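Reading through the structure tokens given below for one structure.
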Amino acid sequence: MIPPTFDYLVPATLPEAIALLHEHGDEAKVLAGGHSLIPAMRLRFAEPSHLIDISHIPGLDYVREEGGFLKIGTMAREVVLKDLPWISERYPLLVDTTKMIADPQVRNLATVGGNLAHGDPANDHPATMLAYRAEIEITGASGARIVPIDEFFTDFFTTALEHGEILTEIRIPIPPSRSGGCYLKVERKVGDYAAAAVAVQLSLAADGSIEQAGIGLTNVAALPTRAVDAENALRGQQPSDALFAQAGQLAADASSPADDLRGSAEYKLTLIRELIQRALRRSVERAQGRKARFGKIIFSEKS
Ligand code: FAD
């Protein structure tokens, strides 16, 4: 379907974009990569009167380490993350996630900021940012504010962004040494949204025990979900199959999936239990500096 008509505006600076959002009220929307918004407009789920394209504003697409954080400018496109060798080395969870978003055509334009701002529990970055304990910088007419990721997703397709505000930066705390992470996703076909997916990020203490753990879940509830009880169960413990099975069960307990075309609720809970165990094993391997393995789930795989 063809979207309804709208005015297309191209600000050259962030203050100009914010002023345009205020000028055109609730009916105006930010356009970043357009790969969630344009399909929603074509389906008439969104009918903005004005699109404010922020992709021509210089300086919003950086990826750099600074002040204890990996800082990702909102317009950084997925393809950029995938192609930076130092990101692959130091942020394998982030790269796993990027590689599993849609297909190369989408990743060439889709932005990390847009993926989060959309507030879709089926998108892949929200769970990853929950696992990383990221922070979100939001800029409005009165300046910038920082929102912890736990407070960013407030309802179904709803975030802490107020009207007139723009998500400007994602901040991931730089992981300590002996850290590893992993994103595992089951999808019906290549490029699809997840039936279920898990993001795991952990750090090991000198004695090999799990010092810190972050776990995010994709598409198994109305909001991106953090599996807090599973994280607590892991902290301070030596890695073991029994511990990972317990964490898998606790993560399933934190999920409330619905039956849909991607599978029954029961199937998705089974996926969460299994994916958590595999992601924990792989994250520990990576934290120990053992060979990192990427890839989608192959059901015959032995971890
Ligand atoms: P846009 O579509 O431009 O914007 C999305 C929403 O966020 C809009 O409401 C917009 O107003 C708002 N917004 C964007 N940027 C900002 C900002 N800086 N500040 C405030 N509001 C903002 N995603 C996945 O995670 N996993 C998948 O497997 C996946 N598969 C896909 C398959 C297809 C075929 C397609 C078309 C998309 C798929 N997506 C998937 C979604 C894709 O990754 C989107 O591009 C992404 O979710 C949104 O990023 P964007 O830059 O395109 O945002």
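Ordered as shown in the structure tokens, chains take letters A, B, and onward, while each chain numbers its residues from 1 and ligands are numbered from 1 in the order shown.
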Within 12 Å of stretch 202-207 of chain A, which residues of stretch 12-99 of chain A show up? Give each one with its shortest atom-to-atom distance in Å (one decimal) and the two atoms involved, counting only C-alpha atoms, rows by chain then rising residue number, as JSON lines.
```
{"residue": "A:Tyr91", "atom": "CA", "partner": "A:Leu202", "partner_atom": "CA", "distance": 11.5}
{"residue": "A:Pro92", "atom": "CA", "partner": "A:Leu202", "partner_atom": "CA", "distance": 11.5}
{"residue": "A:Leu93", "atom": "CA", "partner": "A:Leu202", "partner_atom": "CA", "distance": 10.2}
```
Worksheet item: What do you get as a ChimeraX atom specification if you pick all residues at most 7 Å from ligand 1, counting only C-alpha atoms and all ligand atoms?
Response: /A:29-39,74-75,100-103,106-107,109-118,122-125,161,165-168,191-194
Would you put the residues from that selection into a file with N, CA and C atoms, as a compact mmCIF listing (two decimals), in the first residue's frame?
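Result file follows (part-v1.txt):
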```txt
# COMPACT_ATOMS: atom_id res chain seq x y z
N LYS A 29 6.79 13.09 13.03
CA LYS A 29 7.62 11.96 13.47
C LYS A 29 9.03 12.09 12.94
N VAL A 30 9.97 11.59 13.76
CA VAL A 30 11.36 11.51 13.32
C VAL A 30 11.49 10.37 12.31
N LEU A 31 12.24 10.60 11.25
CA LEU A 31 12.59 9.53 10.29
C LEU A 31 14.09 9.30 10.38
N ALA A 32 14.50 8.06 10.65
CA ALA A 32 15.94 7.73 10.70
C ALA A 32 16.26 6.87 9.48
N GLY A 33 16.32 5.53 9.66
CA GLY A 33 16.55 4.66 8.50
C GLY A 33 15.27 4.35 7.74
N GLY A 34 14.13 4.55 8.40
CA GLY A 34 12.82 4.36 7.76
C GLY A 34 12.36 2.92 7.64
N HIS A 35 13.12 1.96 8.19
CA HIS A 35 12.78 0.56 7.94
C HIS A 35 11.77 -0.02 8.93
N SER A 36 11.36 0.75 9.91
CA SER A 36 10.18 0.39 10.70
C SER A 36 9.06 1.38 10.41
N LEU A 37 9.42 2.65 10.29
CA LEU A 37 8.38 3.68 10.13
C LEU A 37 7.68 3.60 8.77
N ILE A 38 8.43 3.46 7.70
CA ILE A 38 7.79 3.46 6.37
C ILE A 38 6.86 2.24 6.21
N PRO A 39 7.31 1.02 6.61
CA PRO A 39 6.36 -0.10 6.54
C PRO A 39 5.11 0.16 7.38
N THR A 74 23.02 8.01 17.45
CA THR A 74 21.73 7.40 17.07
C THR A 74 21.66 6.99 15.61
N MET A 75 22.37 7.72 14.72
CA MET A 75 22.28 7.41 13.28
C MET A 75 23.31 6.37 12.83
N MET A 100 22.05 -10.49 13.16
CA MET A 100 20.79 -11.24 13.10
C MET A 100 19.60 -10.35 12.82
N ILE A 101 19.84 -9.08 12.58
CA ILE A 101 18.74 -8.18 12.24
C ILE A 101 18.49 -8.25 10.74
N ALA A 102 17.32 -8.72 10.39
CA ALA A 102 16.83 -8.68 9.00
C ALA A 102 17.86 -9.22 8.01
N ASP A 103 18.21 -8.42 7.02
CA ASP A 103 19.09 -8.85 5.93
C ASP A 103 20.00 -7.67 5.57
N VAL A 106 18.37 -4.25 4.66
CA VAL A 106 17.81 -3.51 5.80
C VAL A 106 18.94 -2.93 6.62
N ARG A 107 19.97 -3.75 6.87
CA ARG A 107 21.06 -3.30 7.76
C ARG A 107 21.84 -2.13 7.17
N LEU A 109 20.62 0.50 5.98
CA LEU A 109 19.96 1.76 6.32
C LEU A 109 19.48 1.83 7.77
N ALA A 110 19.09 0.71 8.35
CA ALA A 110 18.51 0.72 9.70
C ALA A 110 19.51 1.23 10.72
N THR A 111 19.03 2.01 11.68
CA THR A 111 19.92 2.59 12.69
C THR A 111 19.68 1.93 14.04
N VAL A 112 20.71 1.97 14.88
CA VAL A 112 20.57 1.41 16.22
C VAL A 112 19.57 2.26 17.02
N GLY A 113 19.67 3.59 16.85
CA GLY A 113 18.74 4.47 17.57
C GLY A 113 17.29 4.19 17.19
N GLY A 114 17.03 4.02 15.90
CA GLY A 114 15.66 3.74 15.45
C GLY A 114 15.16 2.41 15.96
N ASN A 115 16.04 1.43 16.03
CA ASN A 115 15.66 0.11 16.51
C ASN A 115 15.15 0.19 17.96
N LEU A 116 15.79 1.05 18.75
CA LEU A 116 15.39 1.21 20.15
C LEU A 116 14.18 2.15 20.28
N ALA A 117 14.23 3.27 19.55
CA ALA A 117 13.15 4.27 19.67
C ALA A 117 11.81 3.71 19.24
N HIS A 118 11.82 2.73 18.36
CA HIS A 118 10.57 2.13 17.87
C HIS A 118 9.81 1.41 19.00
N ALA A 122 9.78 -7.06 19.56
CA ALA A 122 10.33 -8.06 18.63
C ALA A 122 11.67 -7.61 18.05
N ASN A 123 12.02 -6.34 18.20
CA ASN A 123 13.33 -5.89 17.71
C ASN A 123 14.44 -6.51 18.56
N ASP A 124 15.62 -6.61 17.98
CA ASP A 124 16.70 -7.35 18.64
C ASP A 124 17.56 -6.51 19.58
N HIS A 125 17.77 -5.22 19.27
CA HIS A 125 18.66 -4.43 20.14
C HIS A 125 18.13 -4.20 21.55
N LEU A 161 10.74 8.36 25.50
CA LEU A 161 10.84 9.56 24.65
C LEU A 161 9.54 10.35 24.71
N GLU A 165 11.31 15.21 21.64
CA GLU A 165 12.64 14.72 22.03
C GLU A 165 13.19 13.76 20.97
N ILE A 166 14.50 13.71 20.92
CA ILE A 166 15.19 12.82 19.98
C ILE A 166 16.18 11.96 20.75
N LEU A 167 16.17 10.67 20.47
CA LEU A 167 17.20 9.78 21.03
C LEU A 167 18.51 10.13 20.33
N THR A 168 19.51 10.52 21.09
CA THR A 168 20.74 10.97 20.44
C THR A 168 21.92 10.01 20.60
N GLY A 191 15.99 -13.39 8.10
CA GLY A 191 15.49 -12.02 7.99
C GLY A 191 14.23 -11.76 8.78
N ASP A 192 13.68 -12.80 9.39
CA ASP A 192 12.43 -12.62 10.14
C ASP A 192 12.73 -12.11 11.55
N TYR A 193 11.69 -11.60 12.18
CA TYR A 193 11.79 -11.27 13.60
C TYR A 193 11.85 -12.58 14.40
N ALA A 194 12.28 -12.47 15.66
CA ALA A 194 12.51 -13.68 16.46
C ALA A 194 11.20 -14.36 16.87
```
Worksheet item: What is the atom CA of A:Ala287 to atom CA of A:Leu269 distance in Å?
Response: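 Going from atom CA of A:Ala287 over to atom CA of A:Leu269 covers 26.7 Å.
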Discussion item. Taking 5 positions as the minimum chain separation for residues in the same chain, which residues sit within 9 Å of A:Ser209 when counting only C-alpha atoms? Answer as a PyMOL selection string.
Written reply: chain A and resi 203-204+234-239
Worksheet item: For A:Pro121, which residue among A:Ala221, A:Ala227, A:Leu9, A:Ala242 is the nearest when counting only C-alpha atoms?
Response: A:Ala221
Discussion item. Taking the DSSP secondary structure from the backbone, can you list the residues of stretch 126-214 of chain A that are alpha helix (DSSP H), as a list in words?
Written reply: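 Residues meeting the alpha helix (DSSP H) criterion: Pro126, Ala127, Thr128, Met129, Leu130, Ala131 and Tyr132 of chain A.
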Fill in: Those of stretch 60-146 of chain A in DSSP strand (DSSP E or B), formatted as a list in words
Val63, Arg64, Glu65, Glu66, Phe69, Leu70, Lys71, Ile72, Gly73, Arg77, Thr111, Glu135, Ile136, Glu137, Ile138, Thr139, Gly140, Gly143, Ala144, Arg145 and Ile146 of chain A
Serialized selection, N, CA and C atoms, as a short mmCIF file (atom, residue, chain, number, x, y, z; two decimals), in the first residue's frame:
```cif
data_model
loop_
_atom_site.label_atom_id
_atom_site.label_comp_id
_atom_site.auth_asym_id
_atom_site.auth_seq_id
_atom_site.Cartn_x
_atom_site.Cartn_y
_atom_site.Cartn_z
N VAL A 63 30.73 5.86 16.40
CA VAL A 63 30.87 4.71 17.30
C VAL A 63 32.24 4.83 17.93
N ARG A 64 32.31 5.12 19.23
CA ARG A 64 33.63 5.32 19.84
C ARG A 64 33.57 5.00 21.33
N GLU A 65 34.76 4.66 21.86
CA GLU A 65 34.88 4.47 23.31
C GLU A 65 35.34 5.78 23.93
N GLU A 66 34.66 6.14 24.99
CA GLU A 66 34.97 7.44 25.62
C GLU A 66 34.34 7.47 27.01
N PHE A 69 32.51 4.38 28.38
CA PHE A 69 31.38 3.83 27.62
C PHE A 69 31.75 3.60 26.15
N LEU A 70 31.09 2.63 25.55
CA LEU A 70 31.01 2.59 24.09
C LEU A 70 29.84 3.50 23.74
N LYS A 71 30.11 4.56 23.00
CA LYS A 71 29.07 5.52 22.65
C LYS A 71 28.67 5.33 21.19
N ILE A 72 27.39 5.14 20.98
CA ILE A 72 26.88 4.91 19.62
C ILE A 72 25.93 6.05 19.30
N GLY A 73 26.29 6.86 18.31
CA GLY A 73 25.39 7.94 17.88
C GLY A 73 24.13 7.33 17.28
N ARG A 77 24.48 3.14 11.60
CA ARG A 77 23.68 2.11 10.93
C ARG A 77 24.23 0.73 11.28
N THR A 111 19.03 2.01 11.68
CA THR A 111 19.92 2.59 12.69
C THR A 111 19.68 1.93 14.04
N GLU A 135 22.72 2.91 28.71
CA GLU A 135 22.02 4.15 29.03
C GLU A 135 21.65 4.83 27.72
N ILE A 136 20.54 5.55 27.76
CA ILE A 136 20.07 6.21 26.55
C ILE A 136 20.10 7.72 26.77
N GLU A 137 20.75 8.43 25.85
CA GLU A 137 20.73 9.89 25.91
C GLU A 137 19.59 10.41 25.03
N ILE A 138 18.77 11.25 25.66
CA ILE A 138 17.62 11.83 24.95
C ILE A 138 17.78 13.34 24.98
N THR A 139 17.62 13.97 23.81
CA THR A 139 17.80 15.43 23.75
C THR A 139 16.50 16.12 23.34
N GLY A 140 16.17 17.16 24.09
CA GLY A 140 14.98 17.96 23.79
C GLY A 140 15.32 19.44 23.83
N GLY A 143 17.66 20.55 26.60
CA GLY A 143 18.96 19.90 26.76
C GLY A 143 18.84 18.38 26.76
N ALA A 144 19.91 17.72 27.24
CA ALA A 144 19.96 16.25 27.18
C ALA A 144 19.69 15.66 28.56
N ARG A 145 19.08 14.47 28.57
CA ARG A 145 18.91 13.72 29.81
C ARG A 145 19.31 12.27 29.54
N ILE A 146 19.71 11.56 30.60
CA ILE A 146 20.13 10.17 30.45
C ILE A 146 19.10 9.28 31.12
#
```
Fill in: Neighbour list for A:Tyr8 as a ChimeraX atom specification, cut-off 8 Å, only C-alpha atoms, skip fewer than 3 positions in-chain
/A:50-53
Worksheet entry | Selected residue of minimal separation from A:Phe156 among A:Ala222, A:Ile2, A:Val80, A:Ala28, counting only C-alpha atoms | A:Ala222
Item to complete: Record the distance separating atom CA of A:Thr97 and atom CA of A:Val284, expressed in Å with one decimal.
Response: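 Straight-line distance from atom CA of A:Thr97 to atom CA of A:Val284 works out to 17.4 Å.
Atom CA of A:Glu89 is found 27.5 Å from atom CA of A:Ala233.
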Fill in: Which residue of A:Asn108, A:Asn219, A:Gln288, A:Thr159 approaches A:Lys82 most closely, using only C-alpha atoms
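Looking only at the distances to A:Lys82, the closest residue turns out to be A:Asn108.
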Worksheet item: Any idea what's packed within 8 Å of A:Leu271, counting only C-alpha atoms, ignoring anything in its chain fewer than 4 positions away? Could you give it as a list in words?
Response: Val186, Ala196, Tyr267 and Leu275 of chain A
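Shortest atom-to-atom contact with A:Leu243 among A:Val10, A:Phe152, A:Pro58, A:Leu280: A:Leu280, counting only C-alpha atoms.
Among A:Pro148, A:Arg262, A:Ala134, A:Asp241, the residue with the shortest atom-to-atom distance to A:Arg188, counting only C-alpha atoms, is A:Arg262.
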